[in-house]
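J.: Dropping a structure here in structure tokens format, bear with me for questions.
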Amino acid sequence: MQVIKNLKVKEELYIEKLENGLTVMIIPKKDTLKKYVIWGTNFGSIDNHFIIKQDEEEVQIPDGVAHFLEHKLFEQENGTNSLDALSSLGVDANAYTTNDHTAYLFEATSNFYEALDELMNYVQNPYFTDENVEKEKGIIGQEINMYDDEPEWQVYMNAIKLMYKANPINIDIAGSIESISKINKEILYKSYNNFYDLSNMLLVVCGDFEPEKILEEIKKRITKASNQKQVERLYPCEQEEIVSNEKTITMEVSTPIFAIGFKDKPMQNEDIVKKHIAIQILLYMLLGKSSEAYQTLYNNGDIIAQPSLDYEFSKQYAHVLITGVAKNPQKVVEMLKLQIEKYQKCGLDSKHFERIKKKIYGDYIAEYNEVGNIARMFLSDYFKGINSFDYIEQYNSVTVPYAEQILKEVFNKDKMVVSIVKGK
């Protein structure tokens, strides 16, 4: 078992790639009551076109299959639902689908191994029938309609669609009513058999464990074998330019909601962790609570609270996203443009830079206080090709000149989009 130690956060990561292809990560947390398990597969909503290499078969699946699979895995052949079974054990269980991975998880303070039995059983034993697939279409259809009425989701998706023309990130993770109507049990089994292969999966546990013992317990519960199929994912060629600059819609909101995006290039050979840290620092310098722009907007009553400041990225897409609530979103947009222009022209304030840099470092350290945060972080980063410890290690390499370079490359007004939802 490989052991990676990080002295800065006083944590150890144990990694083992099993003979069946499954990668297991164990992060021991002595004297913690909570135990957390998350089992993920590198299969998300954008993975809807692929070639099964052994069969030389090209497959195009409907939008929303990854999310549909996530829902269906809980249903068992004996008529029970694994989510209900886990809840009856007193554990907090859930699952989620993102653009690039799907994950199944639970957090427990007791009945841990009984819950682990249930988790590892249902993820390895799908049960799809014509009847239960048709029934699920109605449930997911209601979920899609609910999100259609959700202003926060609409402002986000409109921003994504303003940035991306061809990339499937511009499609709702759940798909559409039309796309899920085309899903059947054969499509689900084909997707499961190719993407839920153990070699495409990662299982992370965090809590008060002896690494060797918990690894043996995991091995005991693996019942499926790897089919070792090679899948080549196919993605459409995405243009560098944005689709359009701005979109405003009206919905039932008391105060306008906005999303400001900057389209970036997907992960290349550059150090993505270093770049991510720099972008986080820049975002807080531009619109964090201590920034000049935010203070002006807040004092004038144009903005209600600090917006969410994010950099979303994978090997297929990358963009900055600033989302929030403002009485006057256009004032936020103009103030942001002025602040970016000022920093690009005059350079960053080094004292402010160092203050924000320390804040970001403190946020990284705080992530290691909670077992759930740790496990989810290591899983998500792994599917991006990143070891989460790299954020701690790369922190000092981010300098003012480097951040100024990233500011010019990423915060480009020609790649900027604005999505607004205003009241009727």
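Scheme for the structure tokens: letters A, B, ... for chains in order shown; per-chain residue numbers from 1; ligand numbers from 1 in order shown.
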If you run DSSP on the backbone here, which positions in segment 32-129 of chain A get helix (DSSP H, G or I)? Please write them as a short mmCIF file (atom, residue, chain, number, x, y, z; two decimals) with C-alpha atoms, in the first residue's frame.
T.:
data_model
loop_
_atom_site.label_atom_id
_atom_site.label_comp_id
_atom_site.auth_asym_id
_atom_site.auth_seq_id
_atom_site.Cartn_x
_atom_site.Cartn_y
_atom_site.Cartn_z
CA VAL A 65 -28.26 8.39 -18.41
CA ALA A 66 -25.60 8.89 -15.71
CA HIS A 67 -28.13 10.60 -13.45
CA PHE A 68 -30.81 7.99 -14.28
CA LEU A 69 -28.38 5.21 -13.30
CA GLU A 70 -27.67 6.94 -10.01
CA HIS A 71 -31.39 6.83 -9.19
CA LYS A 72 -31.91 3.24 -10.30
CA SER A 82 -31.10 0.56 -0.46
CA LEU A 83 -31.48 4.21 0.47
CA ASP A 84 -34.31 3.24 2.84
CA ALA A 85 -32.24 0.33 4.19
CA LEU A 86 -29.32 2.65 4.94
CA SER A 87 -31.60 5.20 6.61
CA SER A 88 -33.04 2.45 8.83
CA PHE A 112 -20.80 1.16 9.93
CA TYR A 113 -20.10 -2.33 8.58
CA GLU A 114 -23.79 -3.12 8.08
CA ALA A 115 -24.02 0.09 6.04
CA LEU A 116 -20.87 -0.81 4.12
CA ASP A 117 -22.48 -4.17 3.27
CA GLU A 118 -25.50 -2.39 1.84
CA LEU A 119 -23.50 0.21 -0.11
CA MET A 120 -21.15 -2.27 -1.69
CA ASN A 121 -24.00 -4.64 -2.47
CA TYR A 122 -26.27 -2.23 -4.31
CA VAL A 123 -23.49 -0.52 -6.29
CA GLN A 124 -22.30 -3.92 -7.57
#
J.: At a cut-off of 12 Å, using only C-alpha atoms, what residues contact Lys219 of chain A? Leave out same-chain residues fewer than 2 positions from it and give the result as a list in words.
T.: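 So the residues in contact are Glu16, Lys17, Leu18, Glu19, Asn20, Gly21, Leu22, Thr23, Val24, Leu116, Asp117, Met120, Leu203, Glu212, Lys213, Ile214, Leu215, Glu216, Glu217, Arg221, Ile222, Thr223, Lys224 and Ala225 of chain A.
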J.: Can you work out which one of A:Gln76, A:Tyr156, A:Lys161, A:Lys415 has the shortest atom-to-atom distance to Tyr127 of chain A, counting only C-alpha atoms?
T.: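 Ranking A:Gln76, A:Tyr156, A:Lys161, A:Lys415 by distance to Tyr127 of chain A, first place goes to A:Gln76.
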J.: From the options A:Ile249, A:Glu107, A:Lys30, A:Arg233, which residue's atoms come nearest to Glu58 of chain A, counting only C-alpha atoms?
T.: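 Looking at the shortest contact to Glu58 of chain A, the residue is A:Arg233.
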J.: How close does segment 7-63 of chain A get to segment 303-324 of chain A? List, as CSV, each residue of segment 7-63 of chain A within 12 Å, its nearest atom pair and the distance in Å to one decimal, counting only C-alpha atoms.
T.:
residue,atom,partner,partner_atom,distance
A:Asn42,CA,A:Ser314,CA,11.7
A:Gly44,CA,A:Ser314,CA,11.4
A:Ile46,CA,A:Gln316,CA,8.9
A:Asp47,CA,A:Gln316,CA,10.4
J.: Which residue, A:Tyr36, A:Tyr368, A:Tyr402, A:Tyr235, has the smallest gap to Lys274 of chain A when you use only C-alpha atoms?
T.: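 Between A:Tyr36, A:Tyr368, A:Tyr402, A:Tyr235, the residue approaching Lys274 of chain A most closely is A:Tyr402.
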J.: Choose the residue, out of A:Ser226, A:Gln2, A:Ser45, A:Thr80, that has the smallest atom-to-atom separation from Asp172 of chain A; count only C-alpha atoms.
T.: A:Ser45
J.: Give the strand (DSSP E) residues of segment 33-118 of chain A, as assigned by DSSP on the backbone, as a list in words.
T.: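 Of segment 33-118 of chain A, only Lys35, Tyr36, Val37, Ile38, Trp39, Gly40, Thr41, His49, Phe50, Ile51, Ile52, Glu57, Glu58, Val59, Gln60, Asp92, Ala93, Asn94, Ala95, Tyr96, Thr97, Thr102, Ala103, Tyr104, Leu105, Phe106, Glu107 and Ala108 of chain A fall in strand (DSSP E).
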J.: Can you list, as a list in words, every protein, DNA or RNA residue that comes within 12 Å of Lys342 of chain A when you count only C-alpha atoms, leaving out same-chain residues fewer than 3 positions away?
T.: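 Once the nearby chain positions are removed, what remains is Met285, Leu286, Glu292, Ala293, Met335, Leu336, Lys337, Leu338, Gln339, Lys345, Cys346, Gly347, Leu348, Asp349, Glu404, Leu407 and Lys408 of chain A.
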J.: Since we have the selection now, will you write its residues out, keeping N, CA and C atoms, as a JSON list (two decimals), in the first residue's frame?
T.:
[["chain", "number", "residue", "atom", "x", "y", "z"],
["A", 285, "MET", "N", -9.97, 38.86, -4.46],
["A", 285, "MET", "CA", -9.46, 40.23, -4.59],
["A", 285, "MET", "C", -10.43, 41.09, -5.41],
["A", 286, "LEU", "N", -11.10, 40.47, -6.36],
["A", 286, "LEU", "CA", -12.02, 41.22, -7.23],
["A", 286, "LEU", "C", -13.38, 41.47, -6.58],
["A", 292, "GLU", "N", -12.33, 46.23, -2.78],
["A", 292, "GLU", "CA", -12.82, 47.59, -2.98],
["A", 292, "GLU", "C", -14.16, 47.58, -3.75],
["A", 293, "ALA", "N", -14.25, 46.72, -4.75],
["A", 293, "ALA", "CA", -15.46, 46.65, -5.58],
["A", 293, "ALA", "C", -16.66, 46.22, -4.74],
["A", 335, "MET", "N", -18.77, 47.22, -12.28],
["A", 335, "MET", "CA", -17.74, 47.36, -11.24],
["A", 335, "MET", "C", -16.67, 46.28, -11.39],
["A", 336, "LEU", "N", -17.10, 45.06, -11.71],
["A", 336, "LEU", "CA", -16.14, 43.97, -11.91],
["A", 336, "LEU", "C", -15.23, 44.26, -13.09],
["A", 337, "LYS", "N", -15.79, 44.75, -14.18],
["A", 337, "LYS", "CA", -14.99, 45.09, -15.36],
["A", 337, "LYS", "C", -13.95, 46.16, -15.03],
["A", 338, "LEU", "N", -14.37, 47.17, -14.29],
["A", 338, "LEU", "CA", -13.45, 48.25, -13.92],
["A", 338, "LEU", "C", -12.32, 47.74, -13.04],
["A", 339, "GLN", "N", -12.66, 46.83, -12.10],
["A", 339, "GLN", "CA", -11.64, 46.29, -11.19],
["A", 339, "GLN", "C", -10.64, 45.42, -11.93],
["A", 345, "LYS", "N", -4.03, 46.72, -15.67],
["A", 345, "LYS", "CA", -3.24, 47.89, -16.09],
["A", 345, "LYS", "C", -2.19, 48.27, -15.05],
["A", 346, "CYS", "N", -2.59, 48.28, -13.77],
["A", 346, "CYS", "CA", -1.71, 48.79, -12.70],
["A", 346, "CYS", "C", -1.05, 47.70, -11.86],
["A", 347, "GLY", "N", -1.49, 46.46, -12.01],
["A", 347, "GLY", "CA", -0.93, 45.37, -11.21],
["A", 347, "GLY", "C", -1.71, 45.16, -9.92],
["A", 348, "LEU", "N", -1.47, 44.05, -9.27],
["A", 348, "LEU", "CA", -2.16, 43.69, -8.03],
["A", 348, "LEU", "C", -1.53, 44.37, -6.83],
["A", 349, "ASP", "N", -2.35, 44.65, -5.84],
["A", 349, "ASP", "CA", -1.87, 45.16, -4.57],
["A", 349, "ASP", "C", -1.26, 43.99, -3.79],
["A", 404, "GLU", "N", -0.90, 37.75, -11.84],
["A", 404, "GLU", "CA", -1.15, 38.80, -12.84],
["A", 404, "GLU", "C", -1.20, 38.21, -14.25],
["A", 407, "LEU", "N", -4.53, 36.51, -14.52],
["A", 407, "LEU", "CA", -5.57, 37.53, -14.65],
["A", 407, "LEU", "C", -5.75, 37.95, -16.10],
["A", 408, "LYS", "N", -4.65, 38.13, -16.80],
["A", 408, "LYS", "CA", -4.72, 38.55, -18.20],
["A", 408, "LYS", "C", -5.21, 37.42, -19.11]]
J.: Considering only C-alpha atoms, state which residue in the set A:Val417, A:Ile51, A:Ile374, A:Ile15 is at the smallest distance from Gly261 of chain A.
T.: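 That would be A:Val417, the residue with the smallest distance to Gly261 of chain A.
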J.: I want to know what sits within 12 Å of Glu354 of chain A, based on only C-alpha atoms, with residues of the same chain fewer than 3 positions away left out; could you give that as number ranges by chain?
T.: A: 278, 281-282, 284-285, 348-351, 357-361, 395-396, 398-400, 403
J.: Restricted to C-alpha atoms, what would the selected residues look like written as a PDB file, in the first residue's frame?
T.:
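Listing of selection-v6.pdb after writing:
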ATOM      1  CA  ALA A 278      -4.290  31.812  -8.370  1.00  0.00           C
ATOM      2  CA  ILE A 281      -7.086  34.469  -4.894  1.00  0.00           C
ATOM      3  CA  LEU A 282      -7.990  36.735  -7.821  1.00  0.00           C
ATOM      4  CA  TYR A 284     -11.581  37.199  -3.709  1.00  0.00           C
ATOM      5  CA  MET A 285      -9.461  40.231  -4.594  1.00  0.00           C
ATOM      6  CA  LEU A 348      -2.162  43.691  -8.035  1.00  0.00           C
ATOM      7  CA  ASP A 349      -1.870  45.165  -4.566  1.00  0.00           C
ATOM      8  CA  SER A 350       0.739  42.880  -2.972  1.00  0.00           C
ATOM      9  CA  LYS A 351      -0.523  43.360   0.608  1.00  0.00           C
ATOM     10  CA  LYS A 357      -3.626  34.115  -0.081  1.00  0.00           C
ATOM     11  CA  LYS A 358      -3.496  33.397   3.669  1.00  0.00           C
ATOM     12  CA  LYS A 359      -7.299  33.224   3.784  1.00  0.00           C
ATOM     13  CA  ILE A 360      -7.324  30.681   0.943  1.00  0.00           C
ATOM     14  CA  TYR A 361      -4.695  28.598   2.748  1.00  0.00           C
ATOM     15  CA  TYR A 395       0.273  27.176  -2.247  1.00  0.00           C
ATOM     16  CA  ASN A 396       3.644  28.934  -1.865  1.00  0.00           C
ATOM     17  CA  VAL A 398       1.627  31.212  -6.425  1.00  0.00           C
ATOM     18  CA  THR A 399       3.225  34.657  -6.673  1.00  0.00           C
ATOM     19  CA  VAL A 400       1.933  38.112  -7.620  1.00  0.00           C
ATOM     20  CA  ALA A 403      -1.424  35.713 -10.621  1.00  0.00           C
TER      21      ALA A 403
END
J.: For each of A:Ala375, A:Ile171, A:Leu283, A:Ile183, take the minimum atom-to-atom distance to Gln60 of chain A, counting only C-alpha atoms, then give the residue where this is smallest.
T.: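 Checking each of A:Ala375, A:Ile171, A:Leu283, A:Ile183 against Gln60 of chain A, counting only C-alpha atoms, the winner is A:Ile183.
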